[in-house]
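Asks: For reference, this is upload.cif, and it has mmCIF, C-alpha atoms.
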```
data_upload
loop_
_atom_site.label_atom_id
_atom_site.label_comp_id
_atom_site.auth_asym_id
_atom_site.auth_seq_id
_atom_site.Cartn_x
_atom_site.Cartn_y
_atom_site.Cartn_z
CA MET A 1 -21.30 19.20 12.56
CA GLY A 2 -18.85 21.98 13.35
CA ILE A 3 -15.91 23.10 15.48
CA LYS A 4 -16.37 23.50 19.25
CA THR A 5 -14.42 26.11 21.21
CA TYR A 6 -13.97 26.37 24.98
CA LYS A 7 -13.73 29.08 27.60
CA PRO A 8 -10.06 30.01 28.21
CA THR A 9 -9.92 28.72 31.81
CA THR A 10 -6.22 27.85 31.24
CA ALA A 11 -3.57 28.97 28.76
CA SER A 12 -3.84 25.77 26.75
CA ARG A 13 -7.64 25.65 26.93
CA ARG A 14 -7.76 28.95 25.08
CA PHE A 15 -6.62 27.34 21.83
CA ILE A 16 -8.20 23.87 22.05
CA THR A 17 -10.92 23.12 19.53
CA THR A 18 -12.74 19.83 18.98
CA ILE A 19 -15.20 18.37 16.52
CA ASP A 20 -18.87 18.55 17.45
CA ASN A 21 -20.10 14.97 17.87
CA ALA A 22 -23.74 15.71 17.12
CA ASP A 23 -23.62 13.36 14.14
CA ILE A 24 -22.64 10.33 16.26
CA THR A 25 -25.66 8.16 17.05
CA LYS A 26 -24.03 5.24 18.90
CA GLY A 27 -21.48 5.32 21.70
CA ARG A 28 -20.15 1.78 22.00
CA PRO A 29 -18.85 -0.12 18.95
CA GLU A 30 -20.42 -3.28 17.57
CA ARG A 31 -18.90 -6.08 19.65
CA SER A 32 -18.57 -8.52 16.75
CA LEU A 33 -16.60 -6.00 14.65
CA ILE A 34 -13.80 -5.06 17.06
CA MET A 35 -10.48 -6.66 17.91
CA PRO A 36 -7.59 -5.78 20.26
CA LEU A 37 -4.98 -3.35 18.98
CA ASN A 38 -1.60 -3.77 20.64
CA SER A 39 0.64 -0.73 21.09
CA THR A 40 4.12 -1.17 19.60
CA GLY A 41 5.65 2.11 20.72
CA GLY A 42 7.34 2.30 17.32
CA ARG A 43 9.44 -0.83 17.94
CA ASN A 44 9.70 -4.01 15.90
CA ASN A 45 9.70 -7.62 17.14
CA SER A 46 13.35 -7.36 18.27
CA GLY A 47 12.76 -4.20 20.29
CA THR A 48 14.54 -1.86 17.89
CA LEU A 49 13.02 1.59 17.47
CA THR A 50 11.96 1.74 13.82
CA VAL A 51 9.39 4.57 13.90
CA ARG A 52 10.15 7.64 15.98
CA HIS A 53 7.70 9.81 17.89
CA LYS A 54 5.29 7.00 18.72
CA GLY A 55 4.36 5.74 22.16
CA SER A 56 1.90 5.83 25.09
CA GLY A 57 -1.55 7.06 24.07
CA HIS A 58 -5.01 5.92 25.04
CA LYS A 59 -5.88 2.24 24.68
CA ARG A 60 -7.89 1.51 21.53
CA MET A 61 -9.86 -1.30 19.96
CA TYR A 62 -9.59 -1.75 16.21
CA ARG A 63 -12.83 -1.44 14.21
CA MET A 64 -12.84 -3.87 11.27
CA VAL A 65 -13.88 -1.57 8.44
CA ASP A 66 -15.01 -3.17 5.17
CA PHE A 67 -12.82 -1.78 2.38
CA TYR A 68 -13.80 -4.53 -0.06
CA ARG A 69 -17.60 -4.08 -0.33
CA GLU A 70 -17.84 -7.52 -1.99
CA LYS A 71 -21.44 -8.21 -0.93
CA TYR A 72 -22.68 -7.28 -4.38
CA ASN A 73 -26.29 -6.31 -5.06
CA ILE A 74 -27.38 -6.90 -1.43
CA PRO A 75 -28.97 -3.77 0.06
CA ALA A 76 -27.75 -2.57 3.46
CA THR A 77 -29.32 -0.05 5.83
CA VAL A 78 -27.27 2.50 7.81
CA ILE A 79 -28.22 1.84 11.43
CA ALA A 80 -25.62 3.96 13.26
CA VAL A 81 -22.85 6.53 12.88
CA GLU A 82 -19.86 5.93 15.16
CA TYR A 83 -16.56 7.48 16.21
CA ASP A 84 -13.42 5.57 15.26
CA PRO A 85 -10.27 6.37 17.30
CA ASN A 86 -8.06 4.83 14.61
CA ARG A 87 -9.01 7.23 11.80
CA ASN A 88 -10.11 10.85 11.41
CA SER A 89 -13.29 10.00 9.51
CA ARG A 90 -16.53 8.66 10.96
CA ILE A 91 -17.64 5.11 10.32
CA ALA A 92 -21.15 3.93 9.47
CA LEU A 93 -22.58 0.66 10.72
CA LEU A 94 -24.47 -1.20 8.00
CA GLN A 95 -26.92 -4.04 8.42
CA TYR A 96 -27.41 -6.10 5.27
CA LYS A 97 -30.64 -7.74 4.26
CA ASP A 98 -29.24 -11.14 5.30
CA GLY A 99 -28.55 -9.81 8.82
CA GLU A 100 -24.78 -9.34 8.60
CA LYS A 101 -23.30 -6.12 10.00
CA ARG A 102 -20.27 -4.28 8.63
CA TYR A 103 -18.52 -0.94 9.03
CA ILE A 104 -17.76 1.41 6.14
CA VAL A 105 -16.07 4.80 5.99
CA MET A 106 -18.80 7.43 6.39
CA PRO A 107 -19.28 9.66 3.32
CA GLU A 108 -20.62 13.20 3.55
CA GLY A 109 -24.40 13.31 3.27
CA LEU A 110 -25.11 9.72 4.32
CA GLN A 111 -27.59 9.45 7.19
CA VAL A 112 -29.08 6.81 9.45
CA GLY A 113 -31.86 4.98 7.62
CA ASP A 114 -30.33 5.34 4.16
CA VAL A 115 -29.97 2.21 2.02
CA VAL A 116 -26.68 1.54 0.22
CA SER A 117 -25.40 -1.27 -1.97
CA SER A 118 -22.47 -2.25 -4.16
CA GLY A 119 -21.94 -3.93 -7.51
CA ASP A 120 -23.15 -3.58 -11.10
CA GLN A 121 -26.79 -2.94 -10.18
CA ALA A 122 -26.12 -0.17 -7.64
CA ASP A 123 -27.32 3.36 -8.42
CA VAL A 124 -24.91 6.29 -8.63
CA LYS A 125 -25.66 7.82 -5.24
CA VAL A 126 -23.71 8.67 -2.10
CA GLY A 127 -22.48 5.61 -0.22
CA ASN A 128 -22.88 3.11 -3.06
CA ALA A 129 -19.79 1.25 -4.29
CA LEU A 130 -19.52 0.76 -8.05
CA PHE A 131 -16.91 -0.32 -10.54
CA LEU A 132 -15.24 2.65 -12.22
CA LYS A 133 -16.56 1.48 -15.59
CA ASN A 134 -20.11 2.08 -14.32
CA ILE A 135 -19.47 5.54 -12.84
CA PRO A 136 -20.12 8.63 -15.04
CA ASP A 137 -17.24 10.96 -15.84
CA GLY A 138 -16.88 13.92 -13.50
CA THR A 139 -18.25 12.06 -10.44
CA ILE A 140 -16.72 12.72 -7.01
CA ILE A 141 -15.53 9.43 -5.47
CA HIS A 142 -13.53 8.03 -2.53
CA ASN A 143 -12.40 4.65 -1.16
CA ILE A 144 -10.71 3.70 -4.43
CA GLU A 145 -9.00 0.39 -5.18
CA LEU A 146 -5.59 0.39 -6.84
CA GLU A 147 -5.97 -3.22 -7.99
CA PRO A 148 -9.28 -5.02 -8.57
CA GLY A 149 -10.35 -7.05 -5.55
CA LYS A 150 -7.51 -5.83 -3.30
CA GLY A 151 -9.65 -3.41 -1.26
CA ALA A 152 -9.73 0.37 -1.15
CA LYS A 153 -6.29 1.96 -0.66
CA MET A 154 -6.74 5.60 -1.75
CA VAL A 155 -8.83 8.56 -0.60
CA ARG A 156 -9.98 7.33 2.82
CA SER A 157 -9.20 10.21 5.22
CA ALA A 158 -11.66 12.84 6.47
CA GLY A 159 -12.78 15.33 3.82
CA SER A 160 -10.80 13.73 0.99
CA PHE A 161 -12.15 13.00 -2.47
CA ALA A 162 -11.08 12.32 -6.05
CA GLN A 163 -12.70 13.05 -9.38
CA LEU A 164 -13.18 10.59 -12.21
CA LEU A 165 -12.09 12.49 -15.31
CA ALA A 166 -12.31 10.01 -18.15
CA LYS A 167 -12.20 6.36 -19.17
CA GLU A 168 -10.01 5.12 -21.98
CA GLY A 169 -9.74 1.44 -22.85
CA ASN A 170 -9.28 -0.61 -19.68
CA HIS A 171 -8.17 2.32 -17.54
CA ALA A 172 -9.77 5.29 -15.84
CA GLN A 173 -8.13 8.66 -15.18
CA LEU A 174 -8.47 10.10 -11.69
CA LYS A 175 -7.59 13.52 -10.33
CA LEU A 176 -6.67 13.46 -6.63
CA ALA A 177 -7.04 16.33 -4.21
CA SER A 178 -3.25 16.88 -4.29
CA GLY A 179 -3.44 17.60 -8.02
CA GLU A 180 -1.89 14.27 -8.99
CA MET A 181 -3.34 12.54 -12.04
CA ARG A 182 -3.41 8.75 -11.76
CA VAL A 183 -4.58 5.85 -13.91
CA VAL A 184 -6.32 2.78 -12.44
CA SER A 185 -8.21 -0.16 -13.89
CA ILE A 186 -11.88 0.38 -14.74
CA ASN A 187 -12.62 -2.85 -12.83
CA CYS A 188 -11.62 -1.25 -9.51
CA LEU A 189 -14.31 -0.39 -6.99
CA ALA A 190 -14.90 3.14 -5.76
CA THR A 191 -17.53 4.68 -3.49
CA ILE A 192 -19.62 7.66 -4.57
CA GLY A 193 -19.22 10.91 -2.63
CA GLN A 194 -16.73 12.69 -0.41
CA VAL A 195 -15.47 11.32 2.90
CA GLY A 196 -17.28 12.97 5.81
CA ASN A 197 -16.01 14.88 8.87
CA ILE A 198 -14.74 17.66 6.60
CA GLU A 199 -14.12 20.06 9.49
CA TYR A 200 -11.41 17.81 10.98
CA LYS A 201 -8.64 19.75 9.23
CA ASN A 202 -9.68 22.92 11.10
CA MET A 203 -9.31 21.34 14.55
CA CYS A 204 -6.53 22.70 16.80
CA ILE A 205 -4.88 20.24 19.19
CA GLY A 206 -4.10 23.11 21.56
CA LYS A 207 -1.64 21.49 23.96
CA ALA A 208 1.16 18.93 24.07
CA GLY A 209 -0.72 16.60 26.39
CA ARG A 210 -3.45 16.06 23.85
CA SER A 211 -0.86 14.81 21.35
CA ARG A 212 0.32 12.31 23.97
CA TRP A 213 -3.24 11.04 24.35
CA MET A 214 -3.15 10.22 20.64
CA GLY A 215 0.15 8.36 20.95
CA ILE A 216 2.36 11.11 19.47
CA ARG A 217 5.63 11.65 21.35
CA PRO A 218 7.61 14.92 21.22
CA THR A 219 9.75 15.82 18.22
CA VAL A 220 13.10 17.36 19.22
CA ARG A 221 15.06 19.56 16.81
CA GLY A 222 18.43 18.25 15.72
CA THR A 223 20.13 21.59 16.52
CA ALA A 224 18.99 21.23 20.13
CA MET A 225 20.80 17.90 20.54
CA ASN A 226 24.40 17.01 21.31
CA THR A 227 26.90 16.06 18.63
CA VAL A 228 26.63 12.34 19.35
CA ASP A 229 22.85 12.40 18.92
CA HIS A 230 22.40 14.19 15.61
CA PRO A 231 24.50 15.59 12.74
CA HIS A 232 23.12 19.07 13.54
CA GLY A 233 23.96 18.85 17.23
CA GLY A 234 26.71 20.56 19.20
CA GLY A 235 28.31 23.94 18.74
CA ARG A 236 28.39 27.00 20.96
CA GLY A 237 25.20 28.95 20.60
CA LYS A 238 22.84 28.59 17.69
CA SER A 239 24.74 27.33 14.68
CA LYS A 240 23.44 28.16 11.21
CA GLY A 241 24.98 26.99 7.98
CA ALA A 242 27.58 24.84 9.69
CA ASN A 243 25.93 21.63 8.53
CA HIS A 244 23.92 20.74 5.50
CA PRO A 245 20.41 19.49 6.39
CA ARG A 246 20.73 15.82 7.25
CA SER A 247 18.62 13.07 8.75
CA PRO A 248 19.39 11.76 12.27
CA TRP A 249 21.45 9.02 10.54
CA GLY A 250 23.58 11.40 8.48
CA GLN A 251 21.78 11.15 5.13
CA LEU A 252 21.48 14.38 3.15
CA ALA A 253 17.90 15.59 3.56
CA LYS A 254 17.58 18.08 0.70
CA GLY A 255 18.27 18.08 -3.00
CA GLY A 256 18.17 14.34 -3.62
CA LYS A 257 15.40 12.13 -4.92
CA THR A 258 13.09 10.92 -2.17
CA ARG A 259 11.11 8.39 -4.21
CA ARG A 260 12.59 5.26 -5.71
CA ARG A 261 11.56 4.21 -9.17
CA LYS A 262 8.64 1.86 -8.61
CA ALA A 263 6.54 -0.24 -10.94
CA SER A 264 3.49 1.83 -9.97
CA GLU A 265 5.18 4.97 -11.32
CA GLN A 266 3.83 4.18 -14.78
CA PHE A 267 0.27 4.76 -13.51
CA ILE A 268 0.98 8.36 -12.45
CA MET A 269 0.24 10.68 -15.37
CA ASN A 270 1.10 13.95 -13.63
CA HIS A 271 2.73 14.22 -10.23
CA ARG A 272 1.25 16.53 -7.66
CA PRO A 273 2.46 20.14 -7.99
CA LYS A 274 4.92 21.58 -5.52
CA GLY A 275 2.68 24.58 -4.79
CA PRO A 276 -0.41 24.74 -2.54
CA ARG A 277 -2.74 21.78 -2.58
CA GLY A 278 -6.05 21.99 -4.39
CA MET A 279 -8.13 20.62 -7.20
#
```
Turn this file's structure into structure tokens for me.

Replies:
Amino acid sequence: MGIKTYKPTTASRRFITTIDNADITKGRPERSLIMPLNSTGGRNNSGTLTVRHKGSGHKRMYRMVDFYREKYNIPATVIAVEYDPNRNSRIALLQYKDGEKRYIVMPEGLQVGDVVSSGDQADVKVGNALFLKNIPDGTIIHNIELEPGKGAKMVRSAGSFAQLLAKEGNHAQLKLASGEMRVVSINCLATIGQVGNIEYKNMCIGKAGRSRWMGIRPTVRGTAMNTVDHPHGGGRGKSKGANHPRSPWGQLAKGGKTRRRKASEQFIMNHRPKGPRGM
């Protein structure tokens, strides 16, 4: 799987790159594992715009991905690799020994025909879900629960991974790709391996229209607006230094704390560094 480029037949086509779909083995999704996904356009139930830059986009069906992996010690065979329009990673279709089918996030190295399982008796191999207490130190993992039984919340996007550093008492220490060090319970589930579709980060959208296909509306600079529309708006010519950086609602955008003190703060040992990302 790699990056595809195109002949520059137009100005925008020159820069467009896409992911090679050679790894996808099935075109249509499993009918029993999809449900309608309504487009909100960034508005809540009263019609108020709560999330900017969202709207239009291609119609999608939601794939019900299994982030719980609670079918313990039942082997499942990978029967297909599929594209999911709702996430940047691939999804794998599993068929369990009892006949049930489920989707999981596709890890790097997993192939059609492989057998995976979850629980105490599962081996430490790619695609298997184990409790952190049963995973050796130094193992690369993804799809990590923050609370036991609540489903995977962390490390689910394409190419992401975390490393299990150590276990102490009832907690395990994890190092995330951002450099953040976090503590979670050893009874949380995690999947072995790195999330697949690693080349996704190298893809170039190439043109504005392709962003609209994905439901991303344009982002307009505050300095390009009028005074009534943004604190940075107005003025004759390009104004620099006249206003301190503010949000569209007048809140100061730099210098202040951006994260409230939360109960989960106690589980972060070291915050991610402010420099470049990396392990």

Asks: Taking the file as I've supplied it (selection: the PyMOL selection byres ((chain A and resi 211-224) around 7)), which residues are included? Please answer as a ChimeraX atom specification.

Replies: /A:53-58,208-210,225-226,230,232-233

Asks: Using only C-alpha atoms, please write the residues we just selected to a file, as an mmCIF file, in the coordinates of the input.

Replies:
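In the end it all went to part-v2.cif:
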```cif
data_model
loop_
_atom_site.group_PDB
_atom_site.id
_atom_site.type_symbol
_atom_site.label_atom_id
_atom_site.label_comp_id
_atom_site.auth_asym_id
_atom_site.auth_seq_id
_atom_site.Cartn_x
_atom_site.Cartn_y
_atom_site.Cartn_z
ATOM 1 C CA HIS A 53 7.700 9.810 17.890
ATOM 2 C CA LYS A 54 5.290 7.000 18.720
ATOM 3 C CA GLY A 55 4.360 5.740 22.160
ATOM 4 C CA SER A 56 1.900 5.830 25.090
ATOM 5 C CA GLY A 57 -1.550 7.060 24.070
ATOM 6 C CA HIS A 58 -5.010 5.920 25.040
ATOM 7 C CA ALA A 208 1.160 18.930 24.070
ATOM 8 C CA GLY A 209 -0.720 16.600 26.390
ATOM 9 C CA ARG A 210 -3.450 16.060 23.850
ATOM 10 C CA MET A 225 20.800 17.900 20.540
ATOM 11 C CA ASN A 226 24.400 17.010 21.310
ATOM 12 C CA HIS A 230 22.400 14.190 15.610
ATOM 13 C CA HIS A 232 23.120 19.070 13.540
ATOM 14 C CA GLY A 233 23.960 18.850 17.230
#
```

Asks: Compare A:Ile79, A:Ile16, A:Leu164, A:Leu132 by their minimum atom-to-atom distance to Val116 (chain A), counting all atoms listed in the file, and give me the closest one.

Replies: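 Checking each candidate against Val116 (chain A), we get A:Ile79 as the closest.
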
Asks: Please build the interface table for region 176-235 of chain A against region 91-112 of chain A with a cut-off of 6 Å, listing for each qualifying residue the nearest atom pair and the distance in Å to one decimal; count only C-alpha atoms, order rows by chain and increasing number, and write it as JSON lines.

Replies:
```
{"residue": "A:Gln194", "atom": "CA", "partner": "A:Pro107", "partner_atom": "CA", "distance": 5.4}
{"residue": "A:Val195", "atom": "CA", "partner": "A:Pro107", "partner_atom": "CA", "distance": 4.2}
{"residue": "A:Gly196", "atom": "CA", "partner": "A:Glu108", "partner_atom": "CA", "distance": 4.0}
```

Asks: Neighbours of Pro248 (chain A) within 8 Å (all atoms listed in the file; same-chain residues fewer than 2 positions away dropped), as a ChimeraX atom specification?

Replies: /A:222,229-231,246,250-251

Asks: Report as a tab-separated table (two decimals) with C-alpha atoms, in the frame of the given file the residues that result from applying the PyMOL selection byres ((chain A and resi 142) around 9) to the structure here.

Replies:
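Result file expr23.tsv:
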```
chain	number	residue	atom	x	y	z
A	107	PRO	CA	-19.28	9.66	3.32
A	140	ILE	CA	-16.72	12.72	-7.01
A	141	ILE	CA	-15.53	9.43	-5.47
A	143	ASN	CA	-12.40	4.65	-1.16
A	144	ILE	CA	-10.71	3.70	-4.43
A	152	ALA	CA	-9.73	0.37	-1.15
A	154	MET	CA	-6.74	5.60	-1.75
A	155	VAL	CA	-8.83	8.56	-0.60
A	156	ARG	CA	-9.98	7.33	2.82
A	160	SER	CA	-10.80	13.73	0.99
A	161	PHE	CA	-12.15	13.00	-2.47
A	162	ALA	CA	-11.08	12.32	-6.05
A	163	GLN	CA	-12.70	13.05	-9.38
A	190	ALA	CA	-14.90	3.14	-5.76
A	191	THR	CA	-17.53	4.68	-3.49
A	192	ILE	CA	-19.62	7.66	-4.57
A	193	GLY	CA	-19.22	10.91	-2.63
A	194	GLN	CA	-16.73	12.69	-0.41
A	195	VAL	CA	-15.47	11.32	2.90
```

Asks: Quick one: pull the distance between CA of Ser12 (chain A) and CA of Glu199 (chain A), Å, one decimal.

Replies: 20.9 Å

Asks: I'd like the residues picked by the PyMOL selection byres ((chain A and resi 5) around 10) written out as a list of chain:residue names, using the chain letters and numbers from the file.

Replies: A:Gly2, A:Ile3, A:Lys4, A:Tyr6, A:Lys7, A:Pro8, A:Arg13, A:Arg14, A:Phe15, A:Ile16, A:Thr17, A:Thr18, A:Ile19, A:Asp20, A:Met203, A:Cys204

Asks: Residues at most 12 Å from region 256-265 of chain A, counting only C-alpha atoms, excluding those fewer than 4 positions away in the same chain, as a list in words?

Replies: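 Neighbouring residues, sequence-local ones excluded: Leu146, Glu147, Glu180, Met181, Arg182, Val183, Val184, Pro245, Arg246, Gln251, Leu252, Met269, Asn270 and His271 of chain A.
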
Asks: Restricting the calculation to only C-alpha atoms, which member of A:Asn38, A:Lys240, A:Arg272, A:Cys188 is positioned closest to Lys153 (chain A)?

Replies: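 Closest candidate: A:Cys188.
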
Asks: Which neighbours of Asp137 (chain A) fall inside 8 Å, counting only C-alpha atoms, when residues of the same chain fewer than 5 positions from it are skipped, and could you give them as a list in words?

Replies: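 So the residues in contact are Leu164, Leu165, Ala166 and Lys167 of chain A.
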
Asks: Write out, as a short mmCIF file (atom, residue, chain, number, x, y, z; two decimals), in the frame of the given file, the residues just selected, with C-alpha atoms.

Replies:
```
data_model
loop_
_atom_site.label_atom_id
_atom_site.label_comp_id
_atom_site.auth_asym_id
_atom_site.auth_seq_id
_atom_site.Cartn_x
_atom_site.Cartn_y
_atom_site.Cartn_z
CA LEU A 164 -13.18 10.59 -12.21
CA LEU A 165 -12.09 12.49 -15.31
CA ALA A 166 -12.31 10.01 -18.15
CA LYS A 167 -12.20 6.36 -19.17
#
```
